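Heads up, the thing below is written out as structure tokens.
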Amino acid sequence: MNSLDMAWRNLGRNRRRSLLAMLSVAISLLVVIFADGFISGVMDSMTRNVTKDSTGDVSIVTRAYRERERFMPASAALSDSDALISAIERMPALRGKLDRVVARAQFGVVLSSASATKAAHGIGGDPEAERGLLMLDQRILPGGAYCDRKGTAIVGYRLAKDLGLKVGDELKVVTEKADFGLGFRKFRISGLFRTGVDSFDDSTFQVGLGDARELLGLGKGASQVLVMLKDYRDSDAAARLISSSLAAAGFGGLSVRSWTSLGDTARIIQMVGQIYFVIELIIAFLGAFIIANVMMMVVLERKREIGILKSMGMENRRVLGLFLAEGSMLGLLGGAAGTLLGVGLNALLAVHGMDFSAITSSSGLPMDNIIRPGIHPLQILALFCMGLAISAAVAYLPSRSAAHMDPIEAIRSV
């Protein structure tokens, strides 16, 4: 009888203890896989909320605009964002990967009313597209409406208060146009929004993309084109593909960058992921540690048996392999059960989503607060293998102890 057959039979000699060890591993791996999926979902949500508000998964601007991005120069805007969007949407390699491609104008302005004047930040975008991006339509105060009509604007409530304006009043906007001339327009305030972020509520207003283009003299242009992907993890590859494809199509002077190269968000998310990996590793060790206790008890209870086997000629390496196989089988069976339960739980929650709106509503941030745990097969396989490796590792010392027993002393000790 080989060592694997013997190890399998030995597991049934004390079924209660074996089931306890497997249950411990199963629970720990269930927790690890659920935590991994949940953290993945949180990171996904965090990334989506950052990219939809500012950079997109891939940001496309002119090189001149990128160099002076903080000043939002209309003179360095994209000359024909519509053509860019059309070219990107036709790229075969991106088929099935794109969520949406939108143009957005950002510009600095001076706002004035009958009683005050104030510098502000203007955002121009397609109203329907921005419902799923900036989501300011969800933060309109009672009595107001979203800016889905030409010539209307929504304004941060603190900005409106400073200017002495309310819903229905006229907002006068002065800015520098793309040709360095003076742009002037009047907008009717359709609503006031409140996000809870004072710096945003104090300085921002939003209008339709068409109105922004007329104000800035952009024609078919925009400050930037935002590419939103179905999976933000594809952003680096998508940025390279879009950059080379646009250059080949004759679009020159562009800066195409993934969100991972813009700001500190990617670094923070990577750091958080590393922290949680260490926590998951600790949980897996704690779950598998009971295997070490079980195997130690098994070795102590079977000292005479070990002595007899060794006196009959069983080599140390075979004794080591026998007990190591028992510990690994406990980890394998428990890990498989925990993995299946963890994947099933994450799949169920991914379908229905976990709504954290009640917890985050006090922040006032225009965020998508539905967390859907991630299910990544390769990562799940890696976690399963990690659990199996840890089970084998904690079973090694008791197995080594059995392998190095003196057969005479082992028989006499019972």
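The way I read the labels, and the way they are meant: chains A, B, ... in the order of the structure tokens, residue 1 as the first residue of every chain, and ligand 1 as the first ligand shown, with later ones counted on from there.
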**Request:** Might you pull out every residue within 9 Å of Ile39 of chain A, with only C-alpha atoms counted and same-chain residues fewer than 6 positions away left off, and present them as a PyMOL selection string?
**Result:** chain A and resi 273+276+373-374
Only C-alpha atoms, please: the residues just picked out, written as a PDB file, in the first residue's frame.
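Result file follows (out.pdb):
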ATOM      1  CA  GLY A 273      -4.249  45.869  -1.770  1.00  0.00           C
ATOM      2  CA  TYR A 276      -5.149  43.395   2.788  1.00  0.00           C
ATOM      3  CA  PRO A 373     -17.547  41.597  -4.818  1.00  0.00           C
ATOM      4  CA  GLY A 374     -15.083  40.703  -7.539  1.00  0.00           C
TER       5      GLY A 374
END
Fewer than 4 positions away in the same chain doesn't count, so skip those; otherwise give me all residues within 12 Å of Ala178 of chain A, counting only C-alpha atoms, as a PDB file with C-alpha atoms, in the first residue's frame.
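Contents of result_26.pdb, as written:
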ATOM      1  CA  TYR A  65      -3.066  71.030 -22.524  1.00  0.00           C
ATOM      2  CA  MET A  72      -7.439  74.455 -18.164  1.00  0.00           C
ATOM      3  CA  PRO A  73      -6.417  76.473 -21.269  1.00  0.00           C
ATOM      4  CA  ALA A  74      -9.165  76.584 -23.895  1.00  0.00           C
ATOM      5  CA  SER A  75      -6.538  77.500 -26.469  1.00  0.00           C
ATOM      6  CA  ALA A  76      -4.958  74.043 -26.057  1.00  0.00           C
ATOM      7  CA  ALA A  77      -8.224  72.075 -26.246  1.00  0.00           C
ATOM      8  CA  LEU A  78      -8.870  69.210 -28.663  1.00  0.00           C
ATOM      9  CA  SER A  79      -9.944  70.647 -32.014  1.00  0.00           C
ATOM     10  CA  ALA A 105     -14.876  70.774 -21.300  1.00  0.00           C
ATOM     11  CA  PHE A 107     -12.586  75.970 -17.891  1.00  0.00           C
ATOM     12  CA  LEU A 182     -13.335  87.254 -24.393  1.00  0.00           C
ATOM     13  CA  GLY A 183     -16.243  84.853 -24.040  1.00  0.00           C
ATOM     14  CA  ALA A 212     -19.582  75.210 -23.132  1.00  0.00           C
ATOM     15  CA  ARG A 213     -18.394  74.923 -26.727  1.00  0.00           C
ATOM     16  CA  GLU A 214     -20.227  78.114 -27.696  1.00  0.00           C
ATOM     17  CA  LEU A 215     -18.882  79.968 -24.669  1.00  0.00           C
ATOM     18  CA  LEU A 216     -15.289  78.883 -25.323  1.00  0.00           C
ATOM     19  CA  GLY A 217     -15.413  78.936 -29.119  1.00  0.00           C
ATOM     20  CA  LEU A 218     -14.413  75.282 -29.358  1.00  0.00           C
ATOM     21  CA  GLY A 219     -16.484  74.264 -32.363  1.00  0.00           C
ATOM     22  CA  GLY A 221     -13.741  70.389 -29.635  1.00  0.00           C
ATOM     23  CA  ALA A 222     -13.434  69.773 -25.901  1.00  0.00           C
ATOM     24  CA  SER A 223     -10.824  69.968 -23.170  1.00  0.00           C
TER      25      SER A 223
END
**Request:** List the neighbours of segment 297-306 of chain A out to 12 Å using only C-alpha atoms; skip same-chain residues closer than 2 positions along the sequence, and give me the result as a ChimeraX atom specification.
**Result:** /A:7,10-11,13-14,17-18,290-295,308-316,318-320,322-324,326-327,395-414
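In terms of minimum interatomic distance to Gly331 of chain A, A:Ala389 ranks closest within A:Ile140, A:Ala237, A:Ala389, A:Ile282, counting only C-alpha atoms.
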**Request:** From the DSSP assignment of the backbone, select every residue of segment 108-341 of chain A that is alpha helix (DSSP H), and format the answer as a PyMOL selection string.
**Result:** chain A and resi 127-131+157-163+198-201+209-216+235-248+265-301+303-311+316-341
**Asked** How would you write, as a PyMOL selection string, the set of residues in segment 231-411 of chain A that DSSP gives as strand (DSSP E or B)?
**Response** chain A and resi 254-258+354-355+370-371
Generate a file of the selected residues that holds N, CA and C atoms, formatted as a compact mmCIF listing (two decimals), in the first residue's frame.
# COMPACT_ATOMS: atom_id res chain seq x y z
N LEU A 254 -1.24 64.43 -29.43
CA LEU A 254 -2.11 64.01 -28.35
C LEU A 254 -1.32 63.40 -27.19
N SER A 255 -1.86 63.53 -25.99
CA SER A 255 -1.33 62.87 -24.81
C SER A 255 -2.40 61.89 -24.33
N VAL A 256 -2.11 60.59 -24.47
CA VAL A 256 -3.06 59.54 -24.09
C VAL A 256 -2.47 58.81 -22.89
N ARG A 257 -3.15 58.93 -21.75
CA ARG A 257 -2.60 58.34 -20.53
C ARG A 257 -3.68 57.60 -19.74
N SER A 258 -3.25 56.50 -19.15
CA SER A 258 -4.12 55.72 -18.27
C SER A 258 -4.26 56.42 -16.92
N MET A 354 -24.13 45.10 -2.82
CA MET A 354 -24.19 45.48 -1.41
C MET A 354 -24.29 47.00 -1.37
N ASP A 355 -25.45 47.48 -0.93
CA ASP A 355 -25.74 48.92 -0.95
C ASP A 355 -25.22 49.58 0.32
N ILE A 370 -22.88 51.13 -4.63
CA ILE A 370 -23.19 49.70 -4.69
C ILE A 370 -21.89 48.92 -4.87
N ILE A 371 -21.56 48.10 -3.88
CA ILE A 371 -20.33 47.30 -3.93
C ILE A 371 -20.68 45.90 -4.43
